[in-house]
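Printed here is upload-v4.pdb (PDB, C-alpha atoms and all ligand atoms):
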ATOM      1  CA  MET A   1      53.217 -55.102 -21.487
ATOM      2  CA  SER A   2      52.482 -52.535 -24.197
ATOM      3  CA  ASP A   3      54.689 -49.474 -23.926
ATOM      4  CA  GLY A   4      52.066 -47.042 -25.210
ATOM      5  CA  ASP A   5      52.231 -44.847 -28.291
ATOM      6  CA  ASN A   6      53.795 -41.842 -26.613
ATOM      7  CA  TRP A   7      56.746 -41.387 -24.318
ATOM      8  CA  VAL A   8      54.697 -40.295 -21.295
ATOM      9  CA  ASP A   9      52.589 -43.459 -21.245
ATOM     10  CA  HIS A  10      55.700 -45.524 -21.863
ATOM     11  CA  ALA A  11      57.595 -43.877 -18.969
ATOM     12  CA  VAL A  12      54.630 -44.204 -16.594
ATOM     13  CA  LEU A  13      54.211 -47.909 -17.428
ATOM     14  CA  GLU A  14      57.910 -48.537 -16.831
ATOM     15  CA  PHE A  15      57.826 -46.576 -13.569
ATOM     16  CA  HIS A  16      54.789 -48.447 -12.285
ATOM     17  CA  SER A  17      56.459 -51.729 -13.189
ATOM     18  CA  GLY A  18      59.226 -50.838 -10.741
ATOM     19  CA  ARG A  19      61.854 -49.156 -12.904
ATOM     20  CA  PRO A  20      63.237 -45.806 -11.711
ATOM     21  CA  LEU A  21      63.156 -43.033 -14.345
ATOM     22  CA  THR A  22      66.086 -41.010 -15.665
ATOM     23  CA  LEU A  23      64.975 -38.108 -17.864
ATOM     24  CA  LEU A  24      67.747 -36.323 -19.747
ATOM     25  CA  PHE A  25      67.134 -33.220 -21.843
ATOM     26  CA  ASP A  26      68.991 -31.120 -24.343
ATOM     27  CA  TYR A  27      68.473 -27.391 -23.645
ATOM     28  CA  ASP A  28      68.283 -25.212 -26.786
ATOM     29  CA  GLY A  29      65.497 -26.262 -29.135
ATOM     30  CA  THR A  30      64.258 -28.871 -26.645
ATOM     31  CA  LEU A  31      63.525 -27.376 -23.216
ATOM     32  CA  ALA A  32      63.698 -23.826 -24.583
ATOM     33  CA  PRO A  33      62.644 -22.772 -28.076
ATOM     34  CA  ILE A  34      65.237 -21.535 -30.550
ATOM     35  CA  VAL A  35      65.416 -17.733 -30.438
ATOM     36  CA  PRO A  36      67.637 -15.116 -32.111
ATOM     37  CA  HIS A  37      70.289 -15.010 -29.347
ATOM     38  CA  PRO A  38      71.355 -17.604 -26.701
ATOM     39  CA  ALA A  39      70.793 -15.109 -23.866
ATOM     40  CA  LEU A  40      67.099 -14.932 -24.831
ATOM     41  CA  ALA A  41      66.472 -18.693 -24.553
ATOM     42  CA  ILE A  42      64.731 -18.446 -21.193
ATOM     43  CA  LEU A  43      63.261 -21.541 -19.548
ATOM     44  CA  ALA A  44      59.557 -21.054 -18.860
ATOM     45  CA  PRO A  45      58.903 -20.946 -15.077
ATOM     46  CA  GLN A  46      56.261 -23.699 -15.278
ATOM     47  CA  VAL A  47      58.753 -25.971 -17.025
ATOM     48  CA  ARG A  48      61.364 -25.219 -14.347
ATOM     49  CA  ALA A  49      58.771 -26.099 -11.686
ATOM     50  CA  ARG A  50      57.931 -29.398 -13.418
ATOM     51  CA  LEU A  51      61.569 -30.384 -13.769
ATOM     52  CA  ARG A  52      62.140 -29.547 -10.105
ATOM     53  CA  ARG A  53      59.163 -31.635  -9.030
ATOM     54  CA  LEU A  54      60.341 -34.568 -11.116
ATOM     55  CA  ALA A  55      63.917 -34.295  -9.832
ATOM     56  CA  ARG A  56      62.687 -34.344  -6.219
ATOM     57  CA  ALA A  57      60.384 -37.316  -6.710
ATOM     58  CA  PRO A  58      61.628 -40.629  -5.293
ATOM     59  CA  GLY A  59      62.836 -42.866  -8.111
ATOM     60  CA  VAL A  60      63.234 -40.065 -10.673
ATOM     61  CA  ALA A  61      66.515 -38.467 -11.806
ATOM     62  CA  VAL A  62      66.653 -35.458 -14.159
ATOM     63  CA  GLY A  63      69.537 -34.027 -16.161
ATOM     64  CA  VAL A  64      70.182 -31.360 -18.804
ATOM     65  CA  ILE A  65      72.992 -31.993 -21.274
ATOM     66  CA  SER A  66      73.836 -29.040 -23.480
ATOM     67  CA  GLY A  67      76.284 -27.682 -26.000
ATOM     68  CA  ARG A  68      76.415 -24.563 -23.819
ATOM     69  CA  ALA A  69      79.145 -24.070 -21.242
ATOM     70  CA  LEU A  70      78.281 -25.866 -17.999
ATOM     71  CA  ALA A  71      77.976 -22.651 -15.958
ATOM     72  CA  ASP A  72      75.731 -21.171 -18.639
ATOM     73  CA  VAL A  73      73.280 -24.082 -18.842
ATOM     74  CA  ARG A  74      73.180 -24.380 -15.037
ATOM     75  CA  ASP A  75      72.225 -20.677 -14.850
ATOM     76  CA  MET A  76      69.591 -20.974 -17.553
ATOM     77  CA  VAL A  77      67.956 -24.003 -15.910
ATOM     78  CA  GLY A  78      68.201 -22.567 -12.389
ATOM     79  CA  ILE A  79      67.685 -25.805 -10.432
ATOM     80  CA  ASP A  80      70.463 -27.072  -8.177
ATOM     81  CA  ASP A  81      69.806 -30.755  -7.687
ATOM     82  CA  LEU A  82      70.036 -31.958 -11.299
ATOM     83  CA  TYR A  83      72.669 -33.662 -13.413
ATOM     84  CA  PHE A  84      74.240 -31.298 -15.939
ATOM     85  CA  GLY A  85      76.439 -31.698 -18.977
ATOM     86  CA  GLY A  86      78.034 -28.657 -20.619
ATOM     87  CA  SER A  87      80.312 -27.945 -23.601
ATOM     88  CA  GLY A  88      78.596 -30.797 -25.467
ATOM     89  CA  GLY A  89      79.414 -33.339 -22.727
ATOM     90  CA  ALA A  90      82.983 -32.234 -21.948
ATOM     91  CA  GLU A  91      81.967 -30.701 -18.608
ATOM     92  CA  LEU A  92      79.790 -32.602 -16.140
ATOM     93  CA  ASP A  93      78.053 -31.734 -12.905
ATOM     94  CA  LEU A  94      76.902 -34.985 -11.332
ATOM     95  CA  CYS A  95      74.583 -33.489  -8.716
ATOM     96  CA  GLY A  96      77.362 -31.364  -7.226
ATOM     97  CA  VAL A  97      80.438 -33.329  -8.316
ATOM     98  CA  THR A  98      82.154 -31.652 -11.267
ATOM     99  CA  GLU A  99      84.221 -33.496 -13.883
ATOM    100  CA  VAL A 100      85.897 -31.787 -16.830
ATOM    101  CA  GLU A 101      87.459 -33.499 -19.806
ATOM    102  CA  PRO A 102      91.255 -33.246 -19.614
ATOM    103  CA  ILE A 103      92.543 -31.434 -22.713
ATOM    104  CA  PRO A 104      95.732 -32.895 -24.231
ATOM    105  CA  ALA A 105      98.473 -30.271 -24.741
ATOM    106  CA  ASP A 106      98.341 -30.401 -28.539
ATOM    107  CA  ALA A 107      94.548 -30.070 -28.594
ATOM    108  CA  GLN A 108      94.776 -27.115 -26.192
ATOM    109  CA  ARG A 109      97.332 -25.442 -28.483
ATOM    110  CA  GLN A 110      95.016 -25.931 -31.447
ATOM    111  CA  LEU A 111      91.999 -24.624 -29.518
ATOM    112  CA  THR A 112      93.854 -21.498 -28.414
ATOM    113  CA  ALA A 113      95.222 -20.868 -31.906
ATOM    114  CA  ALA A 114      91.800 -21.456 -33.478
ATOM    115  CA  VAL A 115      90.038 -18.969 -31.184
ATOM    116  CA  SER A 116      92.645 -16.292 -31.719
ATOM    117  CA  ASP A 117      92.775 -16.791 -35.498
ATOM    118  CA  LEU A 118      88.993 -16.871 -35.783
ATOM    119  CA  ARG A 119      88.490 -13.714 -33.739
ATOM    120  CA  ALA A 120      90.597 -11.839 -36.276
ATOM    121  CA  ALA A 121      88.944 -13.473 -39.291
ATOM    122  CA  LEU A 122      85.375 -12.848 -38.106
ATOM    123  CA  ALA A 123      85.816  -9.094 -38.443
ATOM    124  CA  GLY A 124      85.247  -9.703 -42.154
ATOM    125  CA  PHE A 125      81.898 -11.484 -41.664
ATOM    126  CA  HIS A 126      79.158  -9.204 -40.432
ATOM    127  CA  GLY A 127      76.831 -10.852 -37.900
ATOM    128  CA  VAL A 128      79.045 -13.880 -37.165
ATOM    129  CA  TRP A 129      80.187 -14.082 -33.549
ATOM    130  CA  LEU A 130      82.165 -16.384 -31.315
ATOM    131  CA  GLU A 131      80.938 -17.880 -28.039
ATOM    132  CA  PRO A 132      83.893 -19.232 -26.014
ATOM    133  CA  LYS A 133      83.406 -22.227 -23.712
ATOM    134  CA  PRO A 134      85.695 -23.973 -21.216
ATOM    135  CA  VAL A 135      86.120 -26.837 -23.695
ATOM    136  CA  GLY A 136      85.657 -25.534 -27.248
ATOM    137  CA  PHE A 137      83.551 -22.714 -28.668
ATOM    138  CA  ALA A 138      80.579 -21.967 -30.899
ATOM    139  CA  VAL A 139      80.569 -19.708 -33.952
ATOM    140  CA  HIS A 140      77.104 -18.266 -34.464
ATOM    141  CA  TYR A 141      75.865 -17.270 -37.915
ATOM    142  CA  ARG A 142      72.083 -17.067 -37.299
ATOM    143  CA  ALA A 143      72.048 -13.283 -37.749
ATOM    144  CA  THR A 144      74.305 -13.245 -40.793
ATOM    145  CA  PRO A 145      72.653 -11.995 -43.973
ATOM    146  CA  GLU A 146      73.377 -13.292 -47.458
ATOM    147  CA  PRO A 147      75.748 -13.167 -49.281
ATOM    148  CA  THR A 148      77.965 -12.959 -46.181
ATOM    149  CA  ALA A 149      76.576 -16.253 -44.828
ATOM    150  CA  THR A 150      77.575 -18.155 -47.968
ATOM    151  CA  ALA A 151      81.039 -16.595 -47.930
ATOM    152  CA  PHE A 152      81.417 -17.478 -44.253
ATOM    153  CA  HIS A 153      80.462 -21.151 -44.799
ATOM    154  CA  ALA A 154      82.990 -21.400 -47.629
ATOM    155  CA  PHE A 155      85.660 -19.821 -45.424
ATOM    156  CA  PHE A 156      84.866 -21.918 -42.338
ATOM    157  CA  SER A 157      84.718 -25.268 -44.111
ATOM    158  CA  ARG A 158      88.326 -24.756 -45.312
ATOM    159  CA  TRP A 159      89.592 -22.928 -42.249
ATOM    160  CA  HIS A 160      88.789 -25.582 -39.626
ATOM    161  CA  THR A 161      90.742 -28.323 -41.436
ATOM    162  CA  GLN A 162      94.011 -26.798 -40.195
ATOM    163  CA  PHE A 163      92.969 -27.893 -36.674
ATOM    164  CA  PRO A 164      92.660 -31.685 -36.903
ATOM    165  CA  ALA A 165      92.332 -32.082 -33.127
ATOM    166  CA  LEU A 166      88.998 -30.236 -33.222
ATOM    167  CA  ARG A 167      85.499 -31.643 -33.863
ATOM    168  CA  VAL A 168      83.017 -29.444 -35.729
ATOM    169  CA  LEU A 169      79.237 -29.900 -35.740
ATOM    170  CA  ASP A 170      76.786 -27.670 -37.590
ATOM    171  CA  VAL A 171      74.073 -27.184 -34.956
ATOM    172  CA  CYS A 172      71.155 -24.726 -35.083
ATOM    173  CA  LYS A 173      72.911 -22.101 -37.192
ATOM    174  CA  SER A 174      76.161 -22.284 -35.287
ATOM    175  CA  TYR A 175      79.319 -24.324 -35.670
ATOM    176  CA  GLU A 176      79.866 -26.116 -32.389
ATOM    177  CA  VAL A 177      83.560 -26.869 -31.921
ATOM    178  CA  GLY A 178      84.957 -29.326 -29.366
ATOM    179  CA  LEU A 179      87.685 -31.935 -29.231
ATOM    180  CA  ARG A 180      87.774 -34.664 -31.851
ATOM    181  CA  ASP A 181      87.621 -37.973 -29.963
ATOM    182  CA  GLY A 182      86.710 -35.962 -26.871
ATOM    183  CA  TRP A 183      83.761 -36.498 -24.536
ATOM    184  CA  ASP A 184      80.408 -35.988 -26.200
ATOM    185  CA  LYS A 185      76.790 -36.071 -25.040
ATOM    186  CA  GLY A 186      76.829 -39.869 -25.290
ATOM    187  CA  ASP A 187      79.645 -39.987 -22.733
ATOM    188  CA  ALA A 188      77.659 -37.639 -20.518
ATOM    189  CA  VAL A 189      74.593 -39.907 -20.686
ATOM    190  CA  ARG A 190      76.661 -43.001 -19.855
ATOM    191  CA  ARG A 191      78.272 -41.172 -16.913
ATOM    192  CA  VAL A 192      74.860 -40.159 -15.510
ATOM    193  CA  LEU A 193      73.377 -43.624 -16.050
ATOM    194  CA  ALA A 194      76.340 -45.202 -14.251
ATOM    195  CA  GLU A 195      75.048 -43.466 -11.120
ATOM    196  CA  GLN A 196      71.506 -44.836 -11.463
ATOM    197  CA  PRO A 197      70.144 -48.244 -10.499
ATOM    198  CA  ALA A 198      70.900 -50.820 -13.208
ATOM    199  CA  HIS A 199      67.233 -51.238 -14.197
ATOM    200  CA  THR A 200      66.529 -47.512 -14.597
ATOM    201  CA  PHE A 201      64.389 -46.500 -17.580
ATOM    202  CA  ALA A 202      66.127 -43.627 -19.389
ATOM    203  CA  ALA A 203      64.727 -41.203 -21.937
ATOM    204  CA  TYR A 204      66.729 -38.579 -23.813
ATOM    205  CA  PHE A 205      65.075 -35.587 -25.499
ATOM    206  CA  GLY A 206      66.937 -33.648 -28.190
ATOM    207  CA  ASP A 207      66.485 -31.525 -31.272
ATOM    208  CA  SER A 208      69.681 -31.664 -33.287
ATOM    209  CA  GLU A 209      72.788 -33.411 -34.521
ATOM    210  CA  ASN A 210      74.790 -32.941 -31.327
ATOM    211  CA  ASP A 211      72.143 -35.065 -29.547
ATOM    212  CA  ARG A 212      72.693 -38.147 -31.688
ATOM    213  CA  PRO A 213      75.366 -39.773 -29.425
ATOM    214  CA  ALA A 214      73.167 -39.192 -26.353
ATOM    215  CA  MET A 215      70.201 -40.817 -28.083
ATOM    216  CA  ALA A 216      72.332 -43.812 -29.042
ATOM    217  CA  ALA A 217      73.551 -44.092 -25.440
ATOM    218  CA  VAL A 218      70.035 -44.292 -23.929
ATOM    219  CA  VAL A 219      68.914 -46.778 -26.555
ATOM    220  CA  ALA A 220      71.967 -48.935 -25.761
ATOM    221  CA  ALA A 221      70.852 -48.806 -22.119
ATOM    222  CA  ASP A 222      67.335 -50.075 -22.981
ATOM    223  CA  GLY A 223      65.852 -46.576 -22.892
ATOM    224  CA  VAL A 224      64.176 -44.392 -25.521
ATOM    225  CA  SER A 225      65.103 -41.389 -27.639
ATOM    226  CA  VAL A 226      62.627 -38.574 -28.210
ATOM    227  CA  GLY A 227      63.221 -36.170 -31.099
ATOM    228  CA  VAL A 228      61.916 -32.631 -30.672
ATOM    229  CA  GLY A 229      61.252 -30.406 -33.686
ATOM    230  CA  PRO A 230      62.006 -30.748 -37.394
ATOM    231  CA  GLU A 231      65.811 -30.920 -37.145
ATOM    232  CA  ALA A 232      65.922 -33.855 -34.711
ATOM    233  CA  PRO A 233      68.013 -36.858 -35.803
ATOM    234  CA  ALA A 234      65.978 -39.412 -37.771
ATOM    235  CA  GLY A 235      64.962 -42.719 -36.241
ATOM    236  CA  THR A 236      64.073 -41.633 -32.719
ATOM    237  CA  ARG A 237      61.534 -43.827 -30.878
ATOM    238  CA  TYR A 238      59.172 -40.886 -30.329
ATOM    239  CA  THR A 239      58.896 -37.467 -31.926
ATOM    240  CA  LEU A 240      57.432 -34.213 -30.645
ATOM    241  CA  PRO A 241      56.771 -31.275 -32.978
ATOM    242  CA  THR A 242      57.933 -28.480 -30.670
ATOM    243  CA  PRO A 243      59.387 -27.675 -27.230
ATOM    244  CA  ALA A 244      55.882 -26.477 -26.300
ATOM    245  CA  ARG A 245      54.595 -30.017 -26.797
ATOM    246  CA  LEU A 246      57.362 -31.317 -24.528
ATOM    247  CA  HIS A 247      56.219 -28.807 -21.908
ATOM    248  CA  THR A 248      52.649 -30.121 -21.945
ATOM    249  CA  ASP A 249      53.935 -33.699 -21.859
ATOM    250  CA  LEU A 250      55.978 -32.856 -18.753
ATOM    251  CA  ALA A 251      52.824 -31.502 -17.124
ATOM    252  CA  ARG A 252      51.035 -34.738 -18.044
ATOM    253  CA  LEU A 253      53.872 -36.823 -16.613
ATOM    254  CA  CYS A 254      53.810 -34.837 -13.347
ATOM    255  CA  GLY A 255      50.054 -35.428 -13.156
ATOM    256  CA  ALA A 256      50.383 -39.155 -13.873
ATOM    257  CA  LEU A 257      53.010 -39.477 -11.128
ATOM    258  CA  ASN A 258      50.924 -37.358  -8.717
ATOM    259  CA  LEU A 259      53.577 -34.662  -8.489
ATOM    260  CA  PHE A 260      51.883 -31.394  -7.694
ATOM    261  CA  ASP A 261      53.110 -28.194  -6.059
ATOM    262  CA  ARG A 262      53.098 -28.454  -2.289
ATOM    263  CA  GLY A 263      51.663 -24.906  -2.180
ATOM    264  CA  THR A 264      48.409 -25.941  -3.838
ATOM    265  CA  HIS A 265      45.319 -27.057  -1.937
ATOM    266  CA  SER A 266      45.493 -30.710  -2.878
ATOM    267  CA  ALA A 267      46.454 -32.977  -5.704
ATOM    268  CA  GLY A 268      43.045 -32.234  -7.188
ATOM    269  CA  GLY A 269      43.225 -28.463  -6.506
ATOM    270  CA  ALA A 270      42.906 -25.657  -8.997
ATOM    271  CA  GLU A 271      46.591 -25.180  -9.760
ATOM    272  CA  ALA A 272      47.225 -28.880  -9.934
ATOM    273  CA  THR A 273      44.399 -29.248 -12.412
ATOM    274  CA  ARG A 274      45.590 -26.248 -14.399
ATOM    275  CA  ASP A 275      49.158 -27.540 -14.437
ATOM    276  CA  HIS A 276      47.945 -30.940 -15.535
ATOM    277  CA  LEU A 277      46.235 -29.314 -18.487
ATOM    278  CA  VAL A 278      48.875 -26.739 -19.467
TER     279      VAL A 278
HETATM  280  O1  LIG A 301      72.996 -28.709 -27.031
HETATM  281  P1  LIG A 301      72.078 -27.531 -26.918
HETATM  282  O2  LIG A 301      71.612 -27.290 -25.505
HETATM  283  O3  LIG A 301      70.935 -27.595 -27.881
HETATM  284  O4  LIG A 301      72.973 -26.264 -27.315
HETATM  285  C1  LIG A 301      73.322 -26.056 -28.698
HETATM  286  C2  LIG A 301      73.799 -24.624 -28.856
HETATM  287  O5  LIG A 301      72.747 -23.812 -28.342
HETATM  288  C3  LIG A 301      72.950 -22.401 -28.279
HETATM  289  O6  LIG A 301      72.876 -21.854 -29.576
HETATM  290  C4  LIG A 301      71.678 -22.173 -30.279
HETATM  291  O7  LIG A 301      70.536 -21.674 -29.559
HETATM  292  C5  LIG A 301      70.417 -20.231 -29.504
HETATM  293  C6  LIG A 301      69.182 -19.909 -28.674
HETATM  294  O8  LIG A 301      68.013 -20.409 -29.266
HETATM  295  C7  LIG A 301      70.337 -19.666 -30.917
HETATM  296  O9  LIG A 301      70.267 -18.233 -30.856
HETATM  297  C8  LIG A 301      71.584 -20.078 -31.693
HETATM  298  O10 LIG A 301      71.462 -19.652 -33.052
HETATM  299  C9  LIG A 301      71.717 -21.600 -31.688
HETATM  300  O11 LIG A 301      72.928 -21.997 -32.327
HETATM  301  C10 LIG A 301      74.256 -22.081 -27.576
HETATM  302  O12 LIG A 301      74.531 -20.710 -27.703
HETATM  303  C11 LIG A 301      75.421 -22.914 -28.095
HETATM  304  O13 LIG A 301      76.558 -22.711 -27.262
HETATM  305  C12 LIG A 301      75.074 -24.389 -28.054
HETATM  306  O14 LIG A 301      76.150 -25.132 -28.613
END
Mind converting the file's structure to C-alpha cells?
Amino acid sequence: MSDGDNWVDHAVLEFHSGRPLTLLFDYDGTLAPIVPHPALAILAPQVRARLRRLARAPGVAVGVISGRALADVRDMVGIDDLYFGGSGGAELDLCGVTEVEPIPADAQRQLTAAVSDLRAALAGFHGVWLEPKPVGFAVHYRATPEPTATAFHAFFSRWHTQFPALRVLDVCKSYEVGLRDGWDKGDAVRRVLAEQPAHTFAAYFGDSENDRPAMAAVVAADGVSVGVGPEAPAGTRYTLPTPARLHTDLARLCGALNLFDRGTHSAGGAEATRDHLV
C-alpha cells in the first residue's frame, strides 16, 4: 500500500486499513501562528471546531503537547476531551487524569533560586521577560532590541550553567527552561500512545527544537513526524510551510473522514463544502 505523498492521504489510508489515528500537535507555531506575545496566539475557531470533530470521531484521538503551562494550553485550545501536555511534557492531562512530573528537592531548589535570581537580573535587559510555569519557566526575548539582545544572550549562556539540574532550549525567541533528565514531549507522546490501541497510527506536528523528542517518539511507534514552518527539526517525514497550511489539511482530513458539523444541512451542505475547502 502506498502511503501517499502528504500526511493527510497517508493518515486516511492507514485509517481505512483499520488503524485508529492519534494526532498530536504542538501549539505555538503549529496550531497557532507565532505572534508578538503568547497571550495573542489565539486558536482560530474553525481549527478548534475541526480538532473537536476529530477528537469525537470513533477511532481518532487528539492531543496538544506544548511548552506552555498545562492550564495555559488547555485554555488556549478550549476543548475538554483532548490529551494535553504542558510545561514541555512535565505536566499531562490524559483526558481528565492529571499527572505532573515529581521535582527532586535539589532541582526544586535550583528552579526557585534561578527564578528569583533571574527576576532581579532581567531589570537590566529591556524587553526580556519571564513566564513562570508549574515545572520550569520561559524567558522571552522576542521584543528585545539590539544591542540589548546580544548582551542578554551573552549573560544568559553563562548564567544558566550555575544550575546544572536545569535543561535549557532556545525555542522561538525564548529560552525554555525545564528539568534536565526530566519529562519531555517525547515522554508525553509515549504516555498518550500507551493509552491507545497497539496498532494506532500516530502523527506528531511541530515547529521547533522542543518538538524533536516527540517526533522521535512517534517514529519509534511506527508513526510519522510532520514539520511545520522553517524552524522545524530537519528530517521529518512530511513538511508544511505554515500553520495555515496545517489548518487547510485538517479541513481536508475532516472531509475525507466525513466529519462535518452536525448543525449543517448534510455532509454535502454549504458549510461542509466550505469547510472542506477552507
Ligand atoms: O511547545 P510550544 O507549544 O510551541 O510552546 C513553545 C513556547 O511558546 C510560547 O512562546 C512562543 O510563542 C509566542 C506566541 O507566538 C511568542 O510570542 C514567543 O516569542 C514564543 O517564544 C510560550 O509562551 C512558551 O511558554 C512556550 O514554551
Shell of 12 Å around Val97 in chain A, only C-alpha atoms, local chain residues under 3 positions omitted, as a ChimeraX atom specification:
/A:80-85,91-94,100,191-192,195
Might you spell out which residues the PyMOL selection byres (((not hetatm)) within 8 of (chain A and resi 301)) would select in the displayed file, as an NGL selection string?
:A and (26-30 or 32-41 or 64-69 or 73 or 87-88 or 131 or 133 or 137-138 or 140-143 or 171-176 or 206-208 or 210-211)
For CA of Val115 in chain A and CA of Leu169 in chain A, the interatomic separation in Å (one decimal):
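Pair CA of Val115 in chain A / CA of Leu169 in chain A returns 16.0 Å.
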Give me, as a tab-separated table, the closest atom pair and its distance (Å, one decimal) for every residue of range 100-204 of chain A within a cut-off of 9 Å of range 217-223 of chain A, counting all atoms listed in the file, rows sorted by chain and rising number.
residue	atom	partner	partner_atom	distance
A:Lys185	CA	A:Ala217	CA	8.7
A:Gly186	CA	A:Ala217	CA	5.3
A:Asp187	CA	A:Ala217	CA	7.8
A:Val189	CA	A:Ala217	CA	6.4
A:Arg190	CA	A:Ala217	CA	6.5
A:Leu193	CA	A:Ala221	CA	8.4
A:His199	CA	A:Asp222	CA	8.9
A:Thr200	CA	A:Gly223	CA	8.4
A:Phe201	CA	A:Gly223	CA	5.5
A:Ala202	CA	A:Gly223	CA	4.6
A:Ala203	CA	A:Gly223	CA	5.6
A:Tyr204	CA	A:Val218	CA	6.6
Could you tell me, as a PyMOL selection string, exactly which residues end up selected when the PyMOL selection byres (((chain A and resi 44-57) around 8) and not hetatm) is applied to this structure?
chain A and resi 31-32+42-43+58-62+77-79+81-82+247+250-251+254+259-261
Given the selection you just returned, output its residues as a file containing C-alpha atoms, formatted as a compact mmCIF listing (two decimals), in the frame of the given file.
# COMPACT_ATOMS: atom_id res chain seq x y z
CA LEU A 31 63.52 -27.38 -23.22
CA ALA A 32 63.70 -23.83 -24.58
CA ILE A 42 64.73 -18.45 -21.19
CA LEU A 43 63.26 -21.54 -19.55
CA PRO A 58 61.63 -40.63 -5.29
CA GLY A 59 62.84 -42.87 -8.11
CA VAL A 60 63.23 -40.06 -10.67
CA ALA A 61 66.52 -38.47 -11.81
CA VAL A 62 66.65 -35.46 -14.16
CA VAL A 77 67.96 -24.00 -15.91
CA GLY A 78 68.20 -22.57 -12.39
CA ILE A 79 67.68 -25.80 -10.43
CA ASP A 81 69.81 -30.76 -7.69
CA LEU A 82 70.04 -31.96 -11.30
CA HIS A 247 56.22 -28.81 -21.91
CA LEU A 250 55.98 -32.86 -18.75
CA ALA A 251 52.82 -31.50 -17.12
CA CYS A 254 53.81 -34.84 -13.35
CA LEU A 259 53.58 -34.66 -8.49
CA PHE A 260 51.88 -31.39 -7.69
CA ASP A 261 53.11 -28.19 -6.06
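In this structure, CA of Val12 in chain A sits 21.0 Å away from CA of Pro241 in chain A.
The interatomic distance for the pair CA of His126 in chain A and CA of Ala151 in chain A works out to 10.7 Å.
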For Arg119 in chain A: contacts at 12 Å, all atoms listed in the file, fewer than 6 positions along chain excluded, given as a PyMOL selection string
chain A and resi 112-113+125+128-132+137-139
Check what the PyMOL selection byres (((chain A and resi 231) around 8) and not hetatm) selects in the file above and give those residues as a PDB file with C-alpha atoms, in the frame of the given file.
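So selection32.pdb came out as:
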ATOM      1  CA  ASP A 207      66.485 -31.525 -31.272  1.00  0.00           C
ATOM      2  CA  SER A 208      69.681 -31.664 -33.287  1.00  0.00           C
ATOM      3  CA  GLU A 209      72.788 -33.411 -34.521  1.00  0.00           C
ATOM      4  CA  VAL A 228      61.916 -32.631 -30.672  1.00  0.00           C
ATOM      5  CA  GLY A 229      61.252 -30.406 -33.686  1.00  0.00           C
ATOM      6  CA  PRO A 230      62.006 -30.748 -37.394  1.00  0.00           C
ATOM      7  CA  ALA A 232      65.922 -33.855 -34.711  1.00  0.00           C
ATOM      8  CA  PRO A 233      68.013 -36.858 -35.803  1.00  0.00           C
TER       9      PRO A 233
END
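The nearest approach to Ser157 in chain A among the residues A:Ala234, A:Phe205, A:Asp170, A:Arg180, with all atoms listed in the file taken into account, belongs to A:Asp170.
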